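> Mind having a look at this structure? Questions to follow.
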Amino acid sequence: MYFDLVKRKKIVQEIIIDNQNRDFSVIKFRDIDLPIHCTKIISLTGVRRSVKTYLLMQTMHKLLKSGIEKEAIVNINFEDERIDFESFELDTVLQAYRELYPHKYLSRACSFSYK
């Protein structure tokens, strides 16, 4: 059980780093924006293929351009084939991030999760 948790955290850390190194310059920007200086949770819903993921990527790009460090962005796609989480295991994402960046305040991280 402990080995499984350690393995899952390593996979999540790999996903976090992969997504932090993503090239956002290749996305097509839309005329709609999400607020980036907001202290509330924003939930984005819509039908399939309605540019939700692109809008999230555009928002991440804006955050980076505004000076937010890439290490402060936690982007997890729960359809990633490397992970298979039950809802009670979602804390693994927070644990993995804290282990990756122990000097960062989790309360200042910008989290993007989708499926």
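Residues in the structure tokens are named by chain (A, B, ... in the order shown) and by number from 1 within that chain; ligands are numbered from 1 in the order shown.
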List every residue of chain A that DSSP, applied to the backbone, labels as strand (DSSP E), and write the result as a compact mmCIF listing (two decimals) with C-alpha atoms, in the first residue's frame.

```txt
# COMPACT_ATOMS: atom_id res chain seq x y z
CA ILE A 73 0.59 26.31 -11.51
CA VAL A 74 -0.84 22.87 -10.82
CA ASN A 75 -2.51 21.48 -13.92
CA ILE A 76 -3.97 17.97 -13.76
CA ASN A 77 -5.99 16.31 -16.49
CA CYS A 110 -3.17 28.19 -9.13
CA SER A 111 -4.84 24.85 -9.65
CA PHE A 112 -6.41 23.64 -12.88
CA SER A 113 -8.10 20.24 -12.86
CA TYR A 114 -10.31 18.79 -15.53
```
> I want to know what sits within 9 Å of stretch 91-94 of chain A, based on only C-alpha atoms, with residues of the same chain fewer than 3 positions away left out; could you give that as a ChimeraX atom specification?
/A:5,8-9,12-13,16,74,76,87-88,97-99,106
> Limited to C-alpha atoms, could you put the picked residues into a file as a short mmCIF file (atom, residue, chain, number, x, y, z; two decimals), in the first residue's frame?

```cif
data_model
loop_
_atom_site.label_atom_id
_atom_site.label_comp_id
_atom_site.auth_asym_id
_atom_site.auth_seq_id
_atom_site.Cartn_x
_atom_site.Cartn_y
_atom_site.Cartn_z
CA LEU A 5 1.13 5.70 -2.74
CA ARG A 8 1.24 7.43 -7.50
CA LYS A 9 2.88 10.57 -6.09
CA VAL A 12 1.49 12.92 -10.31
CA GLN A 13 4.74 14.86 -9.90
CA ILE A 16 2.66 18.37 -12.87
CA VAL A 74 -0.84 22.87 -10.82
CA ILE A 76 -3.97 17.97 -13.76
CA SER A 87 -12.16 10.35 -5.27
CA PHE A 88 -10.72 9.59 -1.83
CA TYR A 97 2.89 19.12 -5.17
CA ARG A 98 4.04 19.79 -1.59
CA GLU A 99 6.87 17.27 -1.99
CA LEU A 106 -0.09 25.78 -1.48
#
```
> Using only C-alpha atoms, can you tell me which of A:Arg108, A:Arg82, A:His103, A:Lys115 comes closest to A:Ile11?
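For A:Ile11, the nearest of the candidates is A:Arg82.
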> Enumerate as a PyMOL selection string all residues of stretch 2-67 of chain A assigned to helix (DSSP H, G or I) by DSSP on the backbone, naming them with the chain letters and numbers the document uses.
chain A and resi 2-20+24-26+52-65
> Can you write out the residues you just picked, keeping C-alpha atoms, as a short mmCIF file (atom, residue, chain, number, x, y, z; two decimals), in the first residue's frame?

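Final file, selection.cif:
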```cif
data_model
loop_
_atom_site.label_atom_id
_atom_site.label_comp_id
_atom_site.auth_asym_id
_atom_site.auth_seq_id
_atom_site.Cartn_x
_atom_site.Cartn_y
_atom_site.Cartn_z
CA TYR A 2 2.78 2.46 0.93
CA PHE A 3 4.70 1.63 -2.26
CA ASP A 4 1.56 2.23 -4.30
CA LEU A 5 1.13 5.70 -2.74
CA VAL A 6 4.77 6.59 -3.39
CA LYS A 7 4.44 5.40 -7.00
CA ARG A 8 1.24 7.43 -7.50
CA LYS A 9 2.88 10.57 -6.09
CA LYS A 10 5.83 10.16 -8.47
CA ILE A 11 3.44 9.83 -11.41
CA VAL A 12 1.49 12.92 -10.31
CA GLN A 13 4.74 14.86 -9.90
CA GLU A 14 5.73 13.85 -13.43
CA ILE A 15 2.36 15.06 -14.75
CA ILE A 16 2.66 18.37 -12.87
CA ILE A 17 6.13 19.01 -14.32
CA ASP A 18 5.08 17.93 -17.83
CA ASN A 19 2.18 20.37 -17.73
CA GLN A 20 4.31 23.17 -16.29
CA PHE A 24 1.17 27.59 -24.60
CA SER A 25 2.23 29.63 -27.63
CA VAL A 26 0.71 27.03 -29.94
CA LYS A 52 -13.04 24.54 -22.15
CA THR A 53 -9.53 23.06 -22.12
CA TYR A 54 -8.21 25.74 -24.45
CA LEU A 55 -9.71 28.39 -22.21
CA LEU A 56 -7.90 26.88 -19.23
CA MET A 57 -4.64 26.79 -21.20
CA GLN A 58 -5.16 30.40 -22.27
CA THR A 59 -5.67 31.35 -18.62
CA MET A 60 -2.48 29.52 -17.60
CA HIS A 61 -0.62 31.39 -20.35
CA LYS A 62 -1.99 34.71 -19.06
CA LEU A 63 -0.87 33.84 -15.53
CA LEU A 64 2.64 33.09 -16.74
CA LYS A 65 2.75 36.34 -18.73
#
```
